[in-house]
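*Asks:* Contents of model.cif (mmCIF, C-alpha atoms) are given next:
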data_upload
loop_
_atom_site.label_atom_id
_atom_site.label_comp_id
_atom_site.auth_asym_id
_atom_site.auth_seq_id
_atom_site.Cartn_x
_atom_site.Cartn_y
_atom_site.Cartn_z
CA PHE U 918 61.20 -113.87 -12.46
CA LYS U 919 62.26 -114.43 -8.87
CA GLU U 920 60.66 -116.56 -6.19
CA VAL U 921 62.43 -115.98 -2.87
CA VAL U 922 62.24 -118.25 0.16
CA ALA U 923 63.53 -116.21 3.07
CA ASP U 924 64.73 -119.05 5.31
CA SER U 925 66.39 -121.06 2.53
CA THR U 926 70.08 -120.92 1.70
CA ARG U 927 69.56 -122.76 -1.59
CA GLN U 928 69.32 -120.63 -4.72
CA TYR U 929 68.89 -121.76 -8.34
CA LYS U 930 69.09 -119.86 -11.61
CA ILE U 931 67.34 -121.09 -14.75
CA LEU U 932 67.60 -119.71 -18.30
CA CYS U 933 64.71 -120.20 -20.73
CA TYR U 934 65.66 -119.41 -24.32
CA GLY U 935 63.71 -119.66 -27.56
CA ASP U 936 61.11 -118.03 -29.77
CA SER U 937 57.79 -116.28 -29.10
CA HIS U 938 56.49 -119.34 -27.22
CA THR U 939 59.26 -118.77 -24.67
CA LEU U 940 58.57 -115.03 -24.78
CA GLY U 941 54.98 -115.82 -23.79
CA MET U 942 53.33 -113.72 -26.46
CA CYS U 943 49.56 -114.07 -26.83
CA ALA U 944 46.52 -111.99 -27.81
CA LEU U 945 48.48 -110.58 -30.77
CA GLY U 946 51.12 -109.10 -28.50
CA LYS U 947 48.72 -107.43 -26.08
CA VAL U 948 49.53 -109.93 -23.33
CA TYR U 949 52.78 -111.66 -22.38
CA GLU U 950 52.83 -114.65 -20.04
CA PRO U 951 56.14 -116.57 -20.33
CA TYR U 952 56.04 -120.15 -19.07
CA GLY U 953 59.13 -119.21 -17.07
CA ARG U 954 56.98 -117.34 -14.53
CA ALA U 955 55.02 -120.47 -13.59
CA LEU U 956 58.22 -122.53 -13.76
CA ALA U 957 59.85 -120.29 -11.14
CA ALA U 958 56.84 -120.49 -8.82
CA ALA U 959 56.48 -124.27 -9.16
CA LEU U 960 60.19 -124.96 -8.61
CA SER U 961 60.38 -122.69 -5.59
CA GLU U 962 57.35 -124.33 -4.01
CA ASP U 963 58.49 -127.88 -4.77
CA LEU U 964 62.11 -127.38 -3.68
CA GLY U 965 61.56 -124.92 -0.85
CA ALA U 966 64.32 -122.79 -2.35
CA SER U 967 64.78 -119.42 -4.00
CA VAL U 968 64.55 -119.63 -7.79
CA GLU U 969 65.34 -117.05 -10.45
CA VAL U 970 64.23 -117.71 -14.04
CA VAL U 971 65.60 -115.56 -16.87
CA VAL U 972 63.46 -115.56 -20.03
CA ALA U 973 64.81 -114.66 -23.46
CA GLY U 974 62.57 -115.13 -26.50
CA HIS U 975 62.64 -113.78 -30.05
CA TYR U 976 59.40 -113.22 -31.95
CA ALA U 977 59.15 -114.49 -35.55
CA LEU U 978 62.84 -115.32 -35.99
CA PRO U 979 63.71 -118.57 -37.79
CA ILE U 980 66.26 -120.94 -36.34
CA ALA U 981 68.88 -119.80 -38.88
CA GLU U 982 68.75 -116.26 -37.46
CA LEU U 983 69.03 -117.49 -33.89
CA LEU U 984 72.18 -119.39 -34.83
CA ALA U 985 73.69 -116.63 -36.97
CA GLN U 986 73.24 -114.02 -34.21
CA ARG U 987 73.92 -116.27 -31.23
CA ASP U 988 76.86 -114.14 -30.02
CA GLU U 989 75.25 -110.74 -30.59
CA ASP U 990 74.43 -108.60 -27.55
CA GLU U 991 71.33 -107.21 -29.27
CA VAL U 992 69.15 -109.28 -31.60
CA LYS U 993 66.10 -107.47 -33.02
CA ASP U 994 63.07 -109.68 -33.47
CA GLY U 995 59.93 -109.24 -35.58
CA LEU U 996 58.41 -106.82 -33.07
CA GLY U 997 61.55 -104.73 -32.70
CA ASN U 998 62.37 -106.15 -29.28
CA LEU U 999 66.05 -106.36 -28.44
CA CYS U 1000 67.51 -109.35 -26.63
CA GLY U 1001 70.90 -111.01 -26.60
CA GLY U 1002 71.64 -114.19 -28.53
CA LEU U 1003 71.97 -117.48 -26.67
CA GLY U 1004 75.78 -117.55 -26.80
CA HIS U 1005 76.00 -113.99 -25.53
CA LEU U 1006 73.60 -114.67 -22.65
CA LEU U 1007 75.50 -117.75 -21.54
CA LYS U 1008 78.68 -115.67 -21.24
CA THR U 1009 77.24 -112.54 -19.63
CA LEU U 1010 74.63 -113.62 -17.06
CA ASP U 1011 75.56 -112.35 -13.60
CA ARG U 1012 75.51 -115.92 -12.38
CA PRO U 1013 75.90 -119.14 -14.40
CA PRO U 1014 72.56 -120.92 -14.88
CA ASP U 1015 72.02 -124.25 -13.19
CA VAL U 1016 69.82 -125.43 -16.08
CA VAL U 1017 69.16 -124.02 -19.56
CA LEU U 1018 65.90 -124.71 -21.41
CA VAL U 1019 65.94 -124.32 -25.20
CA MET U 1020 62.73 -124.38 -27.25
CA ALA U 1021 62.91 -122.98 -30.77
CA GLY U 1022 62.05 -123.83 -34.36
CA ALA U 1023 58.28 -123.29 -34.34
CA ASN U 1024 58.66 -120.54 -36.95
CA ASP U 1025 60.24 -123.09 -39.30
CA THR U 1026 57.77 -125.95 -38.92
CA GLY U 1027 55.17 -124.28 -41.13
CA THR U 1028 57.34 -125.05 -44.17
CA LEU U 1029 58.56 -128.41 -42.90
CA THR U 1030 58.91 -131.09 -45.56
CA GLY U 1031 60.62 -134.43 -45.83
CA LYS U 1032 63.45 -132.73 -47.73
CA ASN U 1033 64.34 -130.02 -45.21
CA MET U 1034 63.54 -131.96 -42.03
CA GLU U 1035 67.10 -133.19 -41.51
CA GLU U 1036 68.47 -129.69 -42.06
CA LEU U 1037 66.07 -128.20 -39.51
CA SER U 1038 66.83 -130.97 -37.01
CA ASP U 1039 70.54 -130.28 -37.39
CA SER U 1040 70.04 -126.53 -36.86
CA ILE U 1041 67.94 -126.97 -33.72
CA SER U 1042 70.45 -129.49 -32.38
CA ARG U 1043 73.23 -126.93 -32.84
CA LEU U 1044 71.25 -124.57 -30.63
CA TYR U 1045 70.90 -127.33 -28.00
CA ALA U 1046 74.66 -127.83 -28.15
CA LEU U 1047 75.53 -124.23 -27.19
CA PRO U 1048 74.77 -124.42 -23.44
CA LEU U 1049 76.22 -127.93 -23.29
CA ALA U 1050 79.47 -126.62 -24.77
CA HIS U 1051 79.55 -124.01 -22.00
CA GLY U 1052 79.13 -126.74 -19.38
CA PHE U 1053 75.46 -126.16 -18.48
CA LYS U 1054 72.81 -128.82 -17.97
CA THR U 1055 70.28 -128.51 -20.76
CA LEU U 1056 66.63 -129.38 -21.21
CA ALA U 1057 66.09 -129.65 -24.96
CA LEU U 1058 62.49 -129.01 -25.98
CA ALA U 1059 61.01 -129.80 -29.38
CA PRO U 1060 59.18 -126.95 -31.13
CA LEU U 1061 55.59 -126.62 -30.03
CA THR U 1062 52.96 -128.06 -32.30
CA ARG U 1063 49.96 -125.91 -33.11
CA PRO U 1064 46.20 -126.45 -33.46
CA SER U 1065 46.17 -125.07 -37.02
CA GLN U 1066 48.45 -127.82 -38.35
CA LYS U 1067 46.87 -130.39 -40.63
CA ALA U 1068 47.30 -134.10 -40.01
CA ALA U 1069 50.21 -134.45 -42.46
CA SER U 1070 52.02 -131.53 -40.82
CA LEU U 1071 51.50 -133.05 -37.38
CA VAL U 1072 53.09 -136.28 -38.57
CA ARG U 1073 56.11 -134.43 -39.99
CA ARG U 1074 56.47 -132.40 -36.81
CA ALA U 1075 56.34 -135.60 -34.72
CA ARG U 1076 59.09 -137.04 -36.93
CA LEU U 1077 61.19 -133.92 -36.32
CA ALA U 1078 60.72 -134.32 -32.56
CA LYS U 1079 61.88 -137.92 -32.80
CA MET U 1080 65.02 -136.89 -34.69
CA LEU U 1081 65.79 -134.28 -32.04
CA SER U 1082 65.37 -136.88 -29.29
CA TRP U 1083 67.84 -139.12 -31.13
CA TRP U 1084 70.40 -136.30 -31.06
CA VAL U 1085 70.01 -135.96 -27.30
CA ASP U 1086 70.27 -139.76 -26.94
CA ASP U 1087 73.49 -139.77 -28.98
CA TYR U 1088 74.90 -137.00 -26.79
CA GLY U 1089 73.95 -139.02 -23.72
CA GLU U 1090 75.87 -142.03 -25.04
CA SER U 1091 78.98 -139.93 -25.65
CA ARG U 1092 78.60 -138.41 -22.17
CA SER U 1093 78.60 -141.87 -20.56
CA ASP U 1094 82.33 -142.09 -21.26
CA ASP U 1095 83.03 -138.97 -19.17
CA PRO U 1096 79.97 -137.97 -17.11
CA GLU U 1097 82.01 -135.77 -14.76
CA GLN U 1098 83.23 -133.50 -17.57
CA LEU U 1099 80.15 -133.31 -19.81
CA PRO U 1100 76.89 -131.76 -18.53
CA ARG U 1101 73.69 -133.77 -18.60
CA ALA U 1102 71.06 -133.22 -21.28
CA ALA U 1103 67.45 -134.37 -21.45
CA PHE U 1104 64.77 -134.13 -24.12
CA VAL U 1105 61.08 -133.31 -23.74
CA ASP U 1106 58.48 -133.10 -26.48
CA PRO U 1107 55.95 -130.50 -25.31
CA ALA U 1108 53.32 -132.26 -27.44
CA THR U 1109 53.18 -134.92 -24.72
CA ILE U 1110 52.31 -132.19 -22.22
CA LEU U 1111 50.19 -129.81 -24.30
CA LEU U 1112 48.06 -131.81 -26.70
CA PRO U 1113 47.04 -130.01 -29.92
CA GLY U 1114 43.46 -128.99 -29.20
CA PRO U 1115 41.06 -126.38 -30.54
CA ALA U 1116 42.22 -122.77 -30.56
CA ASP U 1117 39.67 -121.27 -28.23
CA GLY U 1118 41.26 -118.15 -26.84
CA ALA U 1119 41.31 -117.56 -23.10
CA ASP U 1120 39.14 -120.59 -22.35
CA GLY U 1121 41.85 -123.15 -23.14
CA HIS U 1122 45.57 -123.65 -23.69
CA TRP U 1123 45.79 -122.34 -27.25
CA ASP U 1124 45.41 -118.73 -28.33
CA ALA U 1125 42.89 -117.69 -30.97
CA ASP U 1126 45.73 -116.95 -33.42
CA THR U 1127 46.13 -120.78 -33.70
CA PHE U 1128 49.87 -120.51 -33.03
CA HIS U 1129 50.62 -119.23 -29.52
CA LEU U 1130 49.58 -120.35 -26.07
CA THR U 1131 47.10 -118.55 -23.86
CA PRO U 1132 48.31 -117.40 -20.43
CA LYS U 1133 46.61 -120.51 -19.04
CA GLY U 1134 48.53 -122.69 -21.51
CA SER U 1135 51.87 -121.07 -20.68
CA ARG U 1136 51.29 -121.49 -16.96
CA PHE U 1137 50.32 -125.13 -17.47
CA LEU U 1138 53.50 -125.77 -19.48
CA GLY U 1139 55.69 -124.04 -16.90
CA ARG U 1140 54.27 -126.07 -14.02
CA LYS U 1141 54.74 -129.34 -15.91
CA LEU U 1142 58.32 -128.53 -16.92
CA ALA U 1143 59.27 -127.93 -13.28
CA ASP U 1144 59.48 -131.69 -12.68
CA TYR U 1145 61.91 -132.14 -15.59
CA VAL U 1146 64.09 -129.23 -14.47
CA ALA U 1147 64.21 -130.61 -10.92
CA ALA U 1148 65.32 -133.99 -12.28
CA LEU U 1149 68.21 -132.27 -14.08
CA LEU U 1150 69.14 -130.24 -11.01
CA PHE U 1151 69.47 -133.33 -8.83
CA ASP U 1152 70.49 -135.85 -11.50
CA THR U 1153 67.47 -138.05 -10.90
CA LYS U 1154 65.34 -140.03 -13.33
CA MET U 1155 63.29 -137.92 -15.72
CA PRO U 1156 59.51 -138.07 -15.24
CA THR U 1157 57.37 -139.62 -17.95
CA GLU U 1158 53.98 -138.31 -19.04
CA TYR U 1159 53.04 -141.53 -20.78
CA SER U 1160 54.36 -145.06 -20.43
CA ASP U 1161 54.48 -147.82 -23.01
CA GLU U 1162 55.58 -150.39 -20.46
CA ALA U 1163 53.73 -153.67 -20.43
CA ILE U 1164 50.86 -154.17 -18.00
CA GLU U 1165 49.16 -157.37 -16.87
CA ASN U 1166 45.49 -158.03 -17.41
CA ALA U 1167 43.24 -159.92 -14.97
CA SER U 1168 44.61 -163.23 -16.23
CA GLY U 1169 48.22 -162.21 -15.71
CA VAL U 1170 48.91 -161.90 -19.46
CA GLU U 1171 51.23 -159.06 -20.47
CA LEU U 1172 49.67 -156.43 -22.69
CA ARG U 1173 51.54 -153.84 -24.75
CA GLY U 1174 50.79 -150.91 -27.02
CA ILE U 1175 47.26 -150.83 -28.38
CA GLU U 1176 46.28 -153.77 -26.18
CA VAL U 1177 46.80 -151.58 -23.11
CA TRP U 1178 44.16 -149.21 -24.44
CA ARG U 1179 41.81 -152.12 -25.07
CA ALA U 1180 42.26 -153.34 -21.48
CA ARG U 1181 40.91 -150.13 -19.97
CA PRO U 1182 37.39 -150.16 -18.49
CA GLU U 1183 34.65 -149.37 -20.99
CA GLU U 1184 33.53 -145.75 -20.83
CA LYS U 1185 29.87 -144.89 -20.55
CA ALA U 1186 28.54 -142.59 -23.23
CA GLU U 1187 28.12 -139.03 -21.96
CA ALA U 1188 27.04 -137.45 -25.22
CA TYR U 1189 26.18 -138.25 -28.82
CA LEU U 1190 28.87 -140.48 -30.39
CA GLY U 1191 29.87 -141.74 -26.99
CA ASP U 1192 32.06 -139.24 -25.19
CA VAL U 1193 34.01 -138.07 -28.26
CA GLU U 1194 32.64 -134.54 -27.96
CA ASP U 1195 33.73 -134.46 -24.34
CA ASP U 1196 37.21 -135.58 -25.40
CA PHE U 1197 37.35 -132.68 -27.87
CA ALA U 1198 36.34 -130.28 -25.10
CA ARG U 1199 39.00 -131.66 -22.76
CA GLY U 1200 41.63 -131.36 -25.48
CA GLU U 1201 42.32 -135.10 -25.52
CA LEU U 1202 41.31 -135.30 -29.19
CA SER U 1203 41.96 -132.79 -31.95
CA ARG U 1204 39.52 -132.04 -34.73
CA ARG U 1205 42.56 -131.61 -36.95
CA VAL U 1206 43.32 -135.34 -36.75
CA PRO U 1207 41.00 -137.56 -38.82
CA THR U 1208 38.69 -139.26 -36.31
CA ARG U 1209 38.21 -142.14 -38.75
CA SER U 1210 41.74 -143.24 -37.81
CA LEU U 1211 40.35 -144.11 -34.38
CA ALA U 1212 38.53 -147.00 -36.01
CA LEU U 1213 41.84 -148.88 -35.93
CA LEU U 1214 41.46 -149.07 -32.16
CA MET U 1215 38.25 -151.06 -32.54
CA VAL U 1216 39.29 -153.84 -34.89
CA LYS U 1217 40.85 -157.12 -33.84
CA PRO U 1218 44.63 -156.97 -33.21
CA GLU U 1219 45.33 -159.44 -36.02
CA ASP U 1220 43.46 -157.20 -38.47
CA VAL U 1221 45.36 -153.96 -37.68
CA PRO U 1222 47.41 -153.11 -40.82
CA CYS U 1223 51.16 -152.72 -40.70
CA VAL U 1224 52.99 -149.67 -42.04
CA GLY U 1225 52.50 -149.47 -45.79
CA GLN U 1226 49.43 -151.69 -45.82
CA GLU U 1227 45.88 -150.57 -46.45
CA ALA U 1228 42.74 -151.80 -44.76
CA GLU U 1229 39.08 -151.09 -45.46
CA ILE U 1230 37.07 -150.83 -42.26
CA PHE U 1231 33.31 -151.08 -42.36
CA LEU U 1232 30.43 -151.23 -39.94
CA SER U 1233 28.20 -154.29 -40.07
CA ARG U 1234 25.02 -154.99 -38.17
CA SER U 1235 23.75 -158.34 -37.00
CA ALA U 1236 20.15 -159.43 -36.71
CA GLY U 1237 20.12 -158.03 -33.20
CA ASP U 1238 20.99 -154.57 -34.59
CA ALA U 1239 24.37 -154.58 -32.80
CA GLY U 1240 27.06 -152.77 -34.77
CA THR U 1241 30.52 -154.28 -35.17
CA LEU U 1242 33.66 -153.10 -36.91
CA ALA U 1243 35.59 -155.39 -39.22
CA ALA U 1244 38.60 -154.94 -41.45
#
Go ahead and render the structure in this file as structure tokens.
*Replies:*
Amino acid sequence: FKEVVADSTRQYKILCYGDSHTLGMCALGKVYEPYGRALAAALSEDLGASVEVVVAGHYALPIAELLAQRDEDEVKDGLGNLCGGLGHLLKTLDRPPDVVLVMAGANDTGTLTGKNMEELSDSISRLYALPLAHGFKTLALAPLTRPSQKAASLVRRARLAKMLSWWVDDYGESRSDDPEQLPRAAFVDPATILLPGPADGADGHWDADTFHLTPKGSRFLGRKLADYVAALLFDTKMPTEYSDEAIENASGVELRGIEVWRARPEEKAEAYLGDVEDDFARGELSRRVPTRSLALLMVKPEDVPCVGQEAEIFLSRSAGDAGTLAA
């Protein structure tokens, strides 16, 4: 995808590599909308420069196949499409990419367990390492989550993303010794950009197959990733979607973590059960995550259980018929 600015002498080339999420497959293969298209448009508009984005995605191939065939000029995916492996592309593009985005592993997360998590993390990290070894700045993306995942699977996938971020952090520490020779790497978990919401076809971000993104979802992801790519291009601070930094309340007392949530203004109920249904519709809450866990947000800070502890939360009513939560 090319976005050309006629009066600009600046030109950038981006490579997006990965699985069918990078390929942009949706509607069971009837429609393709790679996030790279929106990425090219957003970067060109933001930078006022010409941008070319090359997209290479393999449908239904596990991470082991992507690694095994990384140097092949033709890799056949589950739909019979032919595309070069990552190593081959890095060596044969007509112009070296300024930034490489790698997002793969979604086809492996369906069988993710505590036993194979470290192995999968290692395999995905090896794919991240390929463009870095060739001297290219790399944006390492965790595999996309999916609306069809159950709560336990979401937790395991979040743990995998954390392990991948640690790998990038370790690389960054080793790079600090020789920043001029080693290219910069950054990590982004797409789950902080695209929250796992209901699979509702063309009306939202997730396709009805409960695995892929809709064209709207792909475009949303591409626009959001433009800020991260720009930060790599110009070696600036990476943007943050969410911040856990302390804030001060009206009394000047620092609040952190769950207390920040408590300090927000009280929301007025817009529907039955407050505005929970509206949150589902906006994609801010997922029906796949047990809503009863939200009760932890309502109890006193000193009553919130630590990891490994159990707490029974119940609703009690006073004489004035006002409900309160206690643990």
*Asks:* Within 10 Å of region 952-955 of chain U, counting only C-alpha atoms, which residues show up once you throw out same-chain ones fewer than 3 positions away? Write them as a PyMOL selection string, please.
*Replies:* chain U and resi 918-920+931-934+938-941+949+958-961+969-973+1018+1130+1132-1143
*Asks:* Once the PyMOL selection byres ((chain U and resi 1034) around 12) has been applied to the shown file, what residues remain in the selection, as a list of chain:residue names?
*Replies:* U:Gly1022, U:Asp1025, U:Thr1026, U:Gly1027, U:Thr1028, U:Leu1029, U:Thr1030, U:Gly1031, U:Lys1032, U:Asn1033, U:Glu1035, U:Glu1036, U:Leu1037, U:Ser1038, U:Asp1039, U:Ser1040, U:Ile1041, U:Ser1070, U:Val1072, U:Arg1073, U:Arg1074, U:Ala1075, U:Arg1076, U:Leu1077, U:Ala1078, U:Lys1079, U:Met1080, U:Leu1081
*Asks:* Which residues match the PyMOL selection byres ((chain U and resi 994) around 10) in the file above, as a PyMOL selection string?
*Replies:* chain U and resi 936-937+974-979+982-983+991-993+995-1000
*Asks:* Residues within 12 Å of Gln1098 (chain U), please, as a ChimeraX atom specification. Count only C-alpha atoms; anything in the same chain fewer than 6 positions from it doesn't count.
*Replies:* /U:1049-1054,1091-1092
*Asks:* Expressed in Å to a single decimal, how great is the separation between CA of Val968 (chain U) and CA of Lys930 (chain U)?
*Replies:* 5.9 Å
*Asks:* Edge lengths and centre, in Å to one decimal, as JSON: that's what I need for the box along x, y and z that holds all listed atoms of region 1144-1151 of chain U plus 6 Å on each side.
*Replies:*
{"center_x": 64.5, "center_y": -131.6, "center_z": -12.2, "size_x": 22.0, "size_y": 16.8, "size_z": 18.8}
*Asks:* What's the 7 Å shell around region 1107-1110 of chain U, counting all atoms listed in the file, without same-chain residues fewer than 3 positions away, as a list of chain:residue names?
*Replies:* U:Leu1058, U:Ala1059, U:Leu1061, U:Thr1062, U:Glu1158
*Asks:* Can I get the selection written as a PDB file, in the coordinates of the input, with C-alpha atoms?
*Replies:*
ATOM      1  CA  LEU U1058      62.490-129.010 -25.980  1.00  0.00           C
ATOM      2  CA  ALA U1059      61.010-129.800 -29.380  1.00  0.00           C
ATOM      3  CA  LEU U1061      55.590-126.620 -30.030  1.00  0.00           C
ATOM      4  CA  THR U1062      52.960-128.060 -32.300  1.00  0.00           C
ATOM      5  CA  GLU U1158      53.980-138.310 -19.040  1.00  0.00           C
TER       6      GLU U1158
END
*Asks:* Check the smallest atom-to-atom distance from each of U:Arg1101, U:Trp1084, U:Ala966, U:Asp1106 to Met1020 (chain U) using all atoms listed in the file, then report the winner.
*Replies:*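 Ranking U:Arg1101, U:Trp1084, U:Ala966, U:Asp1106 by distance to Met1020 (chain U), first place goes to U:Asp1106.
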*Asks:* One decimal, Å: what's the distance from CA of Pro1096 (chain U) over to CA of Leu1047 (chain U), could you say?
*Replies:* 17.6 Å
